[in-house]
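Raw contents of upload_13.pdb, PDB, C-alpha atoms:
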```
ATOM      1  CA  MET A   1      67.942 133.820 -71.212  1.00  0.00           C
ATOM      2  CA  LYS A   2      65.933 131.054 -72.670  1.00  0.00           C
ATOM      3  CA  LYS A   3      62.542 130.244 -71.217  1.00  0.00           C
ATOM      4  CA  GLU A   4      63.753 126.809 -69.971  1.00  0.00           C
ATOM      5  CA  ASP A   5      66.726 128.405 -68.242  1.00  0.00           C
ATOM      6  CA  LYS A   6      64.488 130.905 -66.441  1.00  0.00           C
ATOM      7  CA  LYS A   7      62.302 128.094 -65.110  1.00  0.00           C
ATOM      8  CA  LEU A   8      65.349 126.218 -63.806  1.00  0.00           C
ATOM      9  CA  ASP A   9      66.732 129.323 -62.138  1.00  0.00           C
ATOM     10  CA  GLN A  10      63.406 130.058 -60.429  1.00  0.00           C
ATOM     11  CA  LEU A  11      63.129 126.480 -59.266  1.00  0.00           C
ATOM     12  CA  LEU A  12      66.545 126.631 -57.610  1.00  0.00           C
ATOM     13  CA  ARG A  13      65.765 129.932 -55.892  1.00  0.00           C
ATOM     14  CA  ASP A  14      62.506 128.562 -54.477  1.00  0.00           C
ATOM     15  CA  TYR A  15      64.370 125.545 -53.061  1.00  0.00           C
ATOM     16  CA  VAL A  16      67.020 127.675 -51.339  1.00  0.00           C
ATOM     17  CA  HIS A  17      64.373 129.879 -49.753  1.00  0.00           C
ATOM     18  CA  SER A  18      62.458 126.866 -48.568  1.00  0.00           C
ATOM     19  CA  THR A  19      65.519 125.519 -46.680  1.00  0.00           C
ATOM     20  CA  LYS A  20      66.298 128.792 -44.900  1.00  0.00           C
ATOM     21  CA  GLY A  21      65.217 129.083 -41.295  1.00  0.00           C
ATOM     22  CA  ASP A  22      65.553 131.559 -38.527  1.00  0.00           C
ATOM     23  CA  VAL A  23      68.808 130.886 -36.611  1.00  0.00           C
ATOM     24  CA  GLU A  24      67.335 131.724 -33.207  1.00  0.00           C
ATOM     25  CA  GLU A  25      64.346 129.494 -33.971  1.00  0.00           C
ATOM     26  CA  ASP A  26      66.702 126.614 -34.832  1.00  0.00           C
ATOM     27  CA  PHE A  27      68.787 127.072 -31.674  1.00  0.00           C
ATOM     28  CA  ALA A  28      65.630 127.260 -29.589  1.00  0.00           C
ATOM     29  CA  LYS A  29      64.775 123.780 -30.805  1.00  0.00           C
ATOM     30  CA  LEU A  30      68.009 122.345 -29.377  1.00  0.00           C
ATOM     31  CA  ASP A  31      67.900 120.745 -25.878  1.00  0.00           C
ATOM     32  CA  PHE A  32      71.202 121.935 -24.423  1.00  0.00           C
ATOM     33  CA  SER A  33      70.459 120.245 -21.097  1.00  0.00           C
ATOM     34  CA  LYS A  34      71.578 117.029 -22.729  1.00  0.00           C
ATOM     35  CA  TYR A  35      75.037 118.434 -23.252  1.00  0.00           C
ATOM     36  CA  GLU A  36      75.624 120.275 -19.939  1.00  0.00           C
ATOM     37  CA  GLN A  37      78.551 118.897 -17.908  1.00  0.00           C
ATOM     38  CA  THR A  38      77.732 119.194 -14.267  1.00  0.00           C
ATOM     39  CA  ALA A  39      80.619 119.136 -11.732  1.00  0.00           C
ATOM     40  CA  PRO A  40      80.495 116.121  -9.418  1.00  0.00           C
ATOM     41  CA  GLN A  41      79.085 117.000  -6.006  1.00  0.00           C
ATOM     42  CA  LYS A  42      81.381 116.497  -3.015  1.00  0.00           C
ATOM     43  CA  LYS A  43      79.973 114.292  -0.377  1.00  0.00           C
ATOM     44  CA  GLY A  44      79.899 115.815   3.085  1.00  0.00           C
ATOM     45  CA  MET A  45      81.673 114.035   5.978  1.00  0.00           C
ATOM     46  CA  PRO A  46      79.278 112.196   8.281  1.00  0.00           C
ATOM     47  CA  LYS A  47      78.741 113.738  11.702  1.00  0.00           C
ATOM     48  CA  TYR A  48      80.395 110.798  13.455  1.00  0.00           C
ATOM     49  CA  GLY A  49      83.546 111.454  11.396  1.00  0.00           C
ATOM     50  CA  TRP A  50      83.886 114.960  12.799  1.00  0.00           C
ATOM     51  CA  ALA A  51      83.230 113.610  16.316  1.00  0.00           C
ATOM     52  CA  LEU A  52      86.002 111.037  15.888  1.00  0.00           C
ATOM     53  CA  ILE A  53      88.448 113.707  14.715  1.00  0.00           C
ATOM     54  CA  ALA A  54      87.570 115.938  17.687  1.00  0.00           C
ATOM     55  CA  MET A  55      87.965 113.023  20.114  1.00  0.00           C
ATOM     56  CA  THR A  56      91.343 112.072  18.641  1.00  0.00           C
ATOM     57  CA  PHE A  57      92.554 115.659  18.924  1.00  0.00           C
ATOM     58  CA  MET A  58      91.502 115.809  22.589  1.00  0.00           C
ATOM     59  CA  VAL A  59      93.273 112.524  23.405  1.00  0.00           C
ATOM     60  CA  VAL A  60      96.495 113.704  21.727  1.00  0.00           C
ATOM     61  CA  LEU A  61      96.301 117.053  23.522  1.00  0.00           C
ATOM     62  CA  THR A  62      95.662 115.397  26.892  1.00  0.00           C
ATOM     63  CA  LEU A  63      98.556 112.963  26.468  1.00  0.00           C
ATOM     64  CA  SER A  64     100.900 115.712  25.339  1.00  0.00           C
ATOM     65  CA  ILE A  65     100.226 117.508  28.628  1.00  0.00           C
ATOM     66  CA  SER A  66      99.731 114.704  31.140  1.00  0.00           C
ATOM     67  CA  LEU A  67     102.319 112.194  29.924  1.00  0.00           C
ATOM     68  CA  PRO A  68     105.391 114.432  30.423  1.00  0.00           C
ATOM     69  CA  LEU A  69     104.070 115.416  33.864  1.00  0.00           C
ATOM     70  CA  THR A  70     103.526 111.766  34.787  1.00  0.00           C
ATOM     71  CA  LEU A  71     106.974 110.741  33.592  1.00  0.00           C
ATOM     72  CA  ARG A  72     108.512 113.653  35.436  1.00  0.00           C
ATOM     73  CA  ALA A  73     106.669 112.649  38.624  1.00  0.00           C
ATOM     74  CA  GLN A  74     107.859 109.056  38.288  1.00  0.00           C
ATOM     75  CA  ALA A  75     111.437 110.012  37.565  1.00  0.00           C
ATOM     76  CA  PRO A  76     113.757 109.146  40.429  1.00  0.00           C
ATOM     77  CA  SER A  77     114.874 112.088  42.531  1.00  0.00           C
ATOM     78  CA  GLY A  78     118.280 112.545  44.121  1.00  0.00           C
ATOM     79  CA  PRO A  79     121.586 110.991  43.085  1.00  0.00           C
ATOM     80  CA  GLU A  80     121.807 107.809  41.052  1.00  0.00           C
ATOM     81  CA  ILE A  81     122.231 104.691  43.199  1.00  0.00           C
ATOM     82  CA  PHE A  82     124.937 102.166  42.297  1.00  0.00           C
ATOM     83  CA  TYR A  83     124.354  98.542  43.315  1.00  0.00           C
ATOM     84  CA  PHE A  84     127.119  96.019  43.917  1.00  0.00           C
ATOM     85  CA  GLU A  85     127.343  92.388  44.913  1.00  0.00           C
ATOM     86  CA  ILE A  86     129.669  91.858  47.849  1.00  0.00           C
ATOM     87  CA  ASP A  87     131.743  89.313  45.928  1.00  0.00           C
ATOM     88  CA  THR A  88     132.520  91.926  43.245  1.00  0.00           C
ATOM     89  CA  VAL A  89     133.849  94.459  45.765  1.00  0.00           C
ATOM     90  CA  ILE A  90     137.634  94.873  45.894  1.00  0.00           C
ATOM     91  CA  GLN A  91     139.015  95.184  49.433  1.00  0.00           C
ATOM     92  CA  GLU A  92     142.319  96.996  49.775  1.00  0.00           C
ATOM     93  CA  GLU A  93     143.713  96.695  53.286  1.00  0.00           C
ATOM     94  CA  VAL A  94     144.729  99.888  55.069  1.00  0.00           C
ATOM     95  CA  ASP A  95     146.845 100.245  58.221  1.00  0.00           C
ATOM     96  CA  ASN A  96     144.783 102.514  60.446  1.00  0.00           C
ATOM     97  CA  LEU A  97     141.705 104.694  60.760  1.00  0.00           C
ATOM     98  CA  GLU A  98     143.680 107.856  60.081  1.00  0.00           C
ATOM     99  CA  ILE A  99     143.843 106.806  56.441  1.00  0.00           C
ATOM    100  CA  ILE A 100     140.063 106.554  56.421  1.00  0.00           C
ATOM    101  CA  LYS A 101     139.749 109.972  58.049  1.00  0.00           C
ATOM    102  CA  ALA A 102     142.122 111.508  55.520  1.00  0.00           C
ATOM    103  CA  ASP A 103     140.046 110.086  52.675  1.00  0.00           C
ATOM    104  CA  LEU A 104     136.516 110.710  53.967  1.00  0.00           C
ATOM    105  CA  GLY A 105     137.233 113.917  55.895  1.00  0.00           C
ATOM    106  CA  ASP A 106     137.536 115.023  59.509  1.00  0.00           C
ATOM    107  CA  THR A 107     133.759 115.020  59.984  1.00  0.00           C
ATOM    108  CA  ILE A 108     133.680 111.226  59.799  1.00  0.00           C
ATOM    109  CA  ILE A 109     132.159 109.583  62.886  1.00  0.00           C
ATOM    110  CA  LEU A 110     134.461 106.916  64.354  1.00  0.00           C
ATOM    111  CA  PRO A 111     134.199 104.850  67.549  1.00  0.00           C
ATOM    112  CA  LYS A 112     135.820 106.233  70.669  1.00  0.00           C
ATOM    113  CA  LYS A 113     137.788 103.042  71.309  1.00  0.00           C
ATOM    114  CA  GLN A 114     140.087 102.330  68.390  1.00  0.00           C
ATOM    115  CA  ASP A 115     142.797 100.240  70.040  1.00  0.00           C
ATOM    116  CA  GLY A 116     140.931  97.045  69.279  1.00  0.00           C
ATOM    117  CA  LEU A 117     141.064  97.533  65.491  1.00  0.00           C
ATOM    118  CA  SER A 118     141.610  94.171  63.871  1.00  0.00           C
ATOM    119  CA  ALA A 119     141.355  95.038  60.162  1.00  0.00           C
ATOM    120  CA  ALA A 120     140.366  97.853  57.815  1.00  0.00           C
ATOM    121  CA  TRP A 121     139.715  97.934  54.072  1.00  0.00           C
ATOM    122  CA  LYS A 122     139.214 100.494  51.353  1.00  0.00           C
ATOM    123  CA  LEU A 123     136.324  99.341  49.168  1.00  0.00           C
ATOM    124  CA  SER A 124     136.021  99.830  45.421  1.00  0.00           C
ATOM    125  CA  ALA A 125     134.283  98.276  42.422  1.00  0.00           C
ATOM    126  CA  ASP A 126     134.183  99.106  38.717  1.00  0.00           C
ATOM    127  CA  SER A 127     136.858 101.792  39.255  1.00  0.00           C
ATOM    128  CA  ARG A 128     134.548 103.546  41.727  1.00  0.00           C
ATOM    129  CA  GLN A 129     135.372 104.152  45.376  1.00  0.00           C
ATOM    130  CA  LEU A 130     132.587 102.857  47.607  1.00  0.00           C
ATOM    131  CA  GLY A 131     133.849 103.690  51.087  1.00  0.00           C
ATOM    132  CA  PHE A 132     135.554 101.756  53.890  1.00  0.00           C
ATOM    133  CA  SER A 133     134.999  98.816  56.181  1.00  0.00           C
ATOM    134  CA  PHE A 134     136.703  97.877  59.450  1.00  0.00           C
ATOM    135  CA  SER A 135     136.200  95.648  62.483  1.00  0.00           C
ATOM    136  CA  PHE A 136     137.015  95.756  66.196  1.00  0.00           C
ATOM    137  CA  MET A 137     137.675  93.022  68.707  1.00  0.00           C
ATOM    138  CA  ILE A 138     136.839  94.797  71.950  1.00  0.00           C
ATOM    139  CA  PHE A 139     136.383  92.110  74.614  1.00  0.00           C
ATOM    140  CA  ASP A 140     134.719  94.543  76.994  1.00  0.00           C
ATOM    141  CA  GLU A 141     132.573  93.111  79.753  1.00  0.00           C
ATOM    142  CA  ARG A 142     129.537  94.230  77.813  1.00  0.00           C
ATOM    143  CA  VAL A 143     130.595  94.730  74.170  1.00  0.00           C
ATOM    144  CA  ASN A 144     132.343  91.929  72.295  1.00  0.00           C
ATOM    145  CA  ASP A 145     133.051  93.225  68.781  1.00  0.00           C
ATOM    146  CA  ALA A 146     131.847  95.457  65.999  1.00  0.00           C
ATOM    147  CA  THR A 147     131.887  95.398  62.212  1.00  0.00           C
ATOM    148  CA  VAL A 148     131.513  98.724  60.437  1.00  0.00           C
ATOM    149  CA  TYR A 149     130.812  99.862  56.878  1.00  0.00           C
ATOM    150  CA  ILE A 150     131.006 103.540  55.941  1.00  0.00           C
ATOM    151  CA  LEU A 151     129.772 104.068  52.391  1.00  0.00           C
ATOM    152  CA  TYR A 152     128.896 107.000  50.206  1.00  0.00           C
ATOM    153  CA  ASP A 153     125.156 107.715  50.099  1.00  0.00           C
ATOM    154  CA  ASN A 154     124.701 106.533  46.528  1.00  0.00           C
ATOM    155  CA  ILE A 155     126.353 103.130  47.114  1.00  0.00           C
ATOM    156  CA  ASN A 156     124.401  99.972  47.862  1.00  0.00           C
ATOM    157  CA  ILE A 157     126.032  96.623  48.676  1.00  0.00           C
ATOM    158  CA  ASN A 158     123.694  93.651  48.702  1.00  0.00           C
ATOM    159  CA  SER A 159     125.059  92.144  51.946  1.00  0.00           C
ATOM    160  CA  LEU A 160     123.853  95.251  53.799  1.00  0.00           C
ATOM    161  CA  ASN A 161     120.247  95.099  52.582  1.00  0.00           C
ATOM    162  CA  LEU A 162     119.036  93.872  55.967  1.00  0.00           C
ATOM    163  CA  PHE A 163     119.672  97.381  57.341  1.00  0.00           C
ATOM    164  CA  LYS A 164     116.821  98.677  55.160  1.00  0.00           C
ATOM    165  CA  SER A 165     114.211  96.824  57.218  1.00  0.00           C
ATOM    166  CA  LEU A 166     115.279  97.761  60.756  1.00  0.00           C
ATOM    167  CA  LYS A 167     112.247  98.213  62.993  1.00  0.00           C
ATOM    168  CA  TYR A 168     113.118 100.974  65.442  1.00  0.00           C
ATOM    169  CA  GLU A 169     114.238 104.607  65.308  1.00  0.00           C
ATOM    170  CA  TYR A 170     116.207 106.791  67.675  1.00  0.00           C
ATOM    171  CA  ASN A 171     117.214 110.472  67.474  1.00  0.00           C
ATOM    172  CA  TRP A 172     120.890 110.876  68.211  1.00  0.00           C
ATOM    173  CA  ASN A 173     122.958 114.066  67.740  1.00  0.00           C
ATOM    174  CA  ASN A 174     120.451 115.455  65.230  1.00  0.00           C
ATOM    175  CA  SER A 175     120.622 112.228  63.216  1.00  0.00           C
ATOM    176  CA  LEU A 176     117.937 109.607  62.803  1.00  0.00           C
ATOM    177  CA  VAL A 177     119.286 106.224  63.880  1.00  0.00           C
ATOM    178  CA  LYS A 178     117.523 103.068  62.749  1.00  0.00           C
ATOM    179  CA  PHE A 179     118.229  99.934  64.755  1.00  0.00           C
ATOM    180  CA  ASP A 180     117.181  96.450  65.732  1.00  0.00           C
ATOM    181  CA  VAL A 181     118.488  93.660  67.945  1.00  0.00           C
ATOM    182  CA  GLU A 182     118.350  89.872  67.819  1.00  0.00           C
ATOM    183  CA  LEU A 183     119.411  87.131  70.202  1.00  0.00           C
ATOM    184  CA  ASP A 184     121.826  84.539  68.895  1.00  0.00           C
ATOM    185  CA  VAL A 185     120.903  81.589  71.100  1.00  0.00           C
ATOM    186  CA  SER A 186     123.692  79.345  69.853  1.00  0.00           C
ATOM    187  CA  GLN A 187     126.372  81.920  70.689  1.00  0.00           C
ATOM    188  CA  ALA A 188     124.590  83.379  73.719  1.00  0.00           C
ATOM    189  CA  PHE A 189     124.986  87.016  72.685  1.00  0.00           C
ATOM    190  CA  TYR A 190     122.916  89.840  71.274  1.00  0.00           C
ATOM    191  CA  ARG A 191     123.526  91.240  67.819  1.00  0.00           C
ATOM    192  CA  HIS A 192     122.653  94.926  67.365  1.00  0.00           C
ATOM    193  CA  TYR A 193     122.161  96.456  63.916  1.00  0.00           C
ATOM    194  CA  ILE A 194     122.544 100.225  63.683  1.00  0.00           C
ATOM    195  CA  THR A 195     122.521 102.563  60.676  1.00  0.00           C
ATOM    196  CA  PHE A 196     122.471 106.329  60.281  1.00  0.00           C
ATOM    197  CA  ASN A 197     123.395 108.989  57.754  1.00  0.00           C
ATOM    198  CA  PHE A 198     125.686 111.953  58.248  1.00  0.00           C
ATOM    199  CA  ASN A 199     127.378 114.357  55.824  1.00  0.00           C
ATOM    200  CA  ASN A 200     126.698 112.297  52.654  1.00  0.00           C
ATOM    201  CA  LEU A 201     127.923 109.069  54.247  1.00  0.00           C
ATOM    202  CA  THR A 202     125.889 106.128  55.493  1.00  0.00           C
ATOM    203  CA  TYR A 203     127.115 104.136  58.501  1.00  0.00           C
ATOM    204  CA  TYR A 204     126.339 100.469  59.074  1.00  0.00           C
ATOM    205  CA  TYR A 205     127.249  99.015  62.483  1.00  0.00           C
ATOM    206  CA  THR A 206     126.858  95.427  63.587  1.00  0.00           C
ATOM    207  CA  ILE A 207     127.713  95.145  67.279  1.00  0.00           C
ATOM    208  CA  THR A 208     127.558  92.053  69.463  1.00  0.00           C
ATOM    209  CA  THR A 209     127.057  92.376  73.213  1.00  0.00           C
ATOM    210  CA  ALA A 210     127.003  89.939  76.100  1.00  0.00           C
ATOM    211  CA  SER A 211     123.626  91.321  77.186  1.00  0.00           C
ATOM    212  CA  GLU A 212     120.914  93.343  75.580  1.00  0.00           C
ATOM    213  CA  MET A 213     121.682  97.059  75.761  1.00  0.00           C
ATOM    214  CA  ASP A 214     119.437 100.079  75.475  1.00  0.00           C
ATOM    215  CA  ILE A 215     120.128 101.928  72.232  1.00  0.00           C
ATOM    216  CA  ALA A 216     120.975 105.168  74.049  1.00  0.00           C
ATOM    217  CA  ASP A 217     123.519 103.373  76.257  1.00  0.00           C
ATOM    218  CA  LEU A 218     125.005 101.552  73.293  1.00  0.00           C
ATOM    219  CA  MET A 219     125.429 104.707  71.205  1.00  0.00           C
ATOM    220  CA  SER A 220     126.978 106.476  74.174  1.00  0.00           C
ATOM    221  CA  TRP A 221     129.362 103.559  74.746  1.00  0.00           C
ATOM    222  CA  VAL A 222     130.465 103.358  71.110  1.00  0.00           C
ATOM    223  CA  PHE A 223     130.676 107.062  70.309  1.00  0.00           C
TER     224      PHE A 223
END
```
Kindly present the structure from the file in structure tokens form.
Amino acid sequence: MKKEDKKLDQLLRDYVHSTKGDVEEDFAKLDFSKYEQTAPQKKGMPKYGWALIAMTFMVVLTLSISLPLTLRAQAPSGPEIFYFEIDTVIQEEVDNLEIIKADLGDTIILPKKQDGLSAAWKLSADSRQLGFSFSFMIFDERVNDATVYILYDNININSLNLFKSLKYEYNWNNSLVKFDVELDVSQAFYRHYITFNFNNLTYYYTITTASEMDIADLMSWVF
């Protein structure tokens, strides 16, 4: 090798050695913290948020228990009541009280005196049987006449609503009788209102008398 070539070769070798460095030393110089990817931190829920969730859960739990009980307590008990206006009631005339007895049963309570029967009707509305109505013209020295409705317990006719507010009570044959009396000055007679319940039937009596009668005497006279 020529002398010039040897100098060039040595020069190149010196340059290569001068550029070499320790790998670990080079990596140690790097700041890796600049390149670290940190996961985003989750923010914790504020304390009032947990309190709100707990309160909501308690309200839902309370309603789920108390609301059905409240609705059940408010639900109507007993049979469903059917309400009718008197002008919508169909009246089918019947000949005698035996027809009423055959329909309502032998336990029906009827007046003792039946010879003064003036009219009787079978009552219905909306394809439903309501009961019966009849009237007497008695012309007794004390009792003038009587109008009677015998309806099933779950039937309400608006013209009979006044019987719901009768003032007095009387125990008769193991039945509670509610009654009241008023003086009709223009006609000079007393009008007695009587209602009682027996064997799933409700009885409504309107009786006029020439003089005021004690309820016990009146019930004994009629029945």
Original post:
Nearest to Leu104 in chain A among A:Arg191, A:Phe132, A:Ala210, A:Phe84, with distances taken over all atoms listed in the file: which residue is it?
Top reply: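 Answer, going by the shortest atom-to-atom distance: A:Phe132.
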Subject >> Between CA of Leu201 in chain A and CA of Asn156 in chain A, distance in Å (one decimal) >> reply: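 So the two atoms, CA of Leu201 in chain A and CA of Asn156 in chain A, lie 11.7 Å apart.
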**OP:** Tell me, as a PyMOL selection string, which residues lie within 8 Å of Tyr203 in chain A, counting all atoms listed in the file; anything in the same chain fewer than 2 positions away does not count.
**Re:** chain A and resi 148-151+194-198+201+205
**OP:** For range 137-145 of chain A, work out the shell of residues within 6 Å, counting only C-alpha atoms and skipping chain neighbours fewer than 3 positions away, then give it as a VMD selection string.
**Re:** chain A and resid 116 207 to 210
Quick one: write out the picked residues with C-alpha atoms as a compact mmCIF listing (two decimals), in the frame of the given file?
```
# COMPACT_ATOMS: atom_id res chain seq x y z
CA GLY A 116 140.93 97.04 69.28
CA ILE A 207 127.71 95.14 67.28
CA THR A 208 127.56 92.05 69.46
CA THR A 209 127.06 92.38 73.21
CA ALA A 210 127.00 89.94 76.10
```
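Among the candidate residues A:Thr206, A:Ser211, A:Thr88, A:Asn96, the one lying nearest to Ser127 in chain A is A:Thr88, with distances computed using all atoms listed in the file.
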Subject >> Length of the CA of Ser135 in chain A to CA of Lys101 in chain A vector [Å] >> reply: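 Here the two named atoms are 15.4 Å from each other.
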Original post:
Got a sec: who's within 10 Å of Glu92 in chain A, counting only C-alpha atoms, leaving out chain neighbours fewer than 3 positions off, as an MDAnalysis selection string?
Top reply: chainID A and resid 89 120:124 132:133
Subject >> Distance of CA of Ile215 in chain A from CA of Asn154 in chain A, expressed in Å to one decimal place >> reply: 26.5 Å
**OP:** Step by step, work through what the PyMOL selection byres ((chain A and resi 183) around 12) selects in the shown file, and finish by giving those residues as a list in words.
**Re:**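 Output from the PyMOL selection byres ((chain A and resi 183) around 12), applied to this file: Asp180, Val181, Glu182, Asp184, Val185, Ser186, Gln187, Ala188, Phe189, Tyr190, Arg191, His192, Tyr193, Ile207, Thr208, Thr209, Ala210, Ser211, Glu212 and Met213 of chain A.
Proximity to Val94 in chain A was assessed for A:Ile81, A:Ala125, A:Leu117, A:Ile109 counting only C-alpha atoms; the smallest distance is recorded for A:Leu117.
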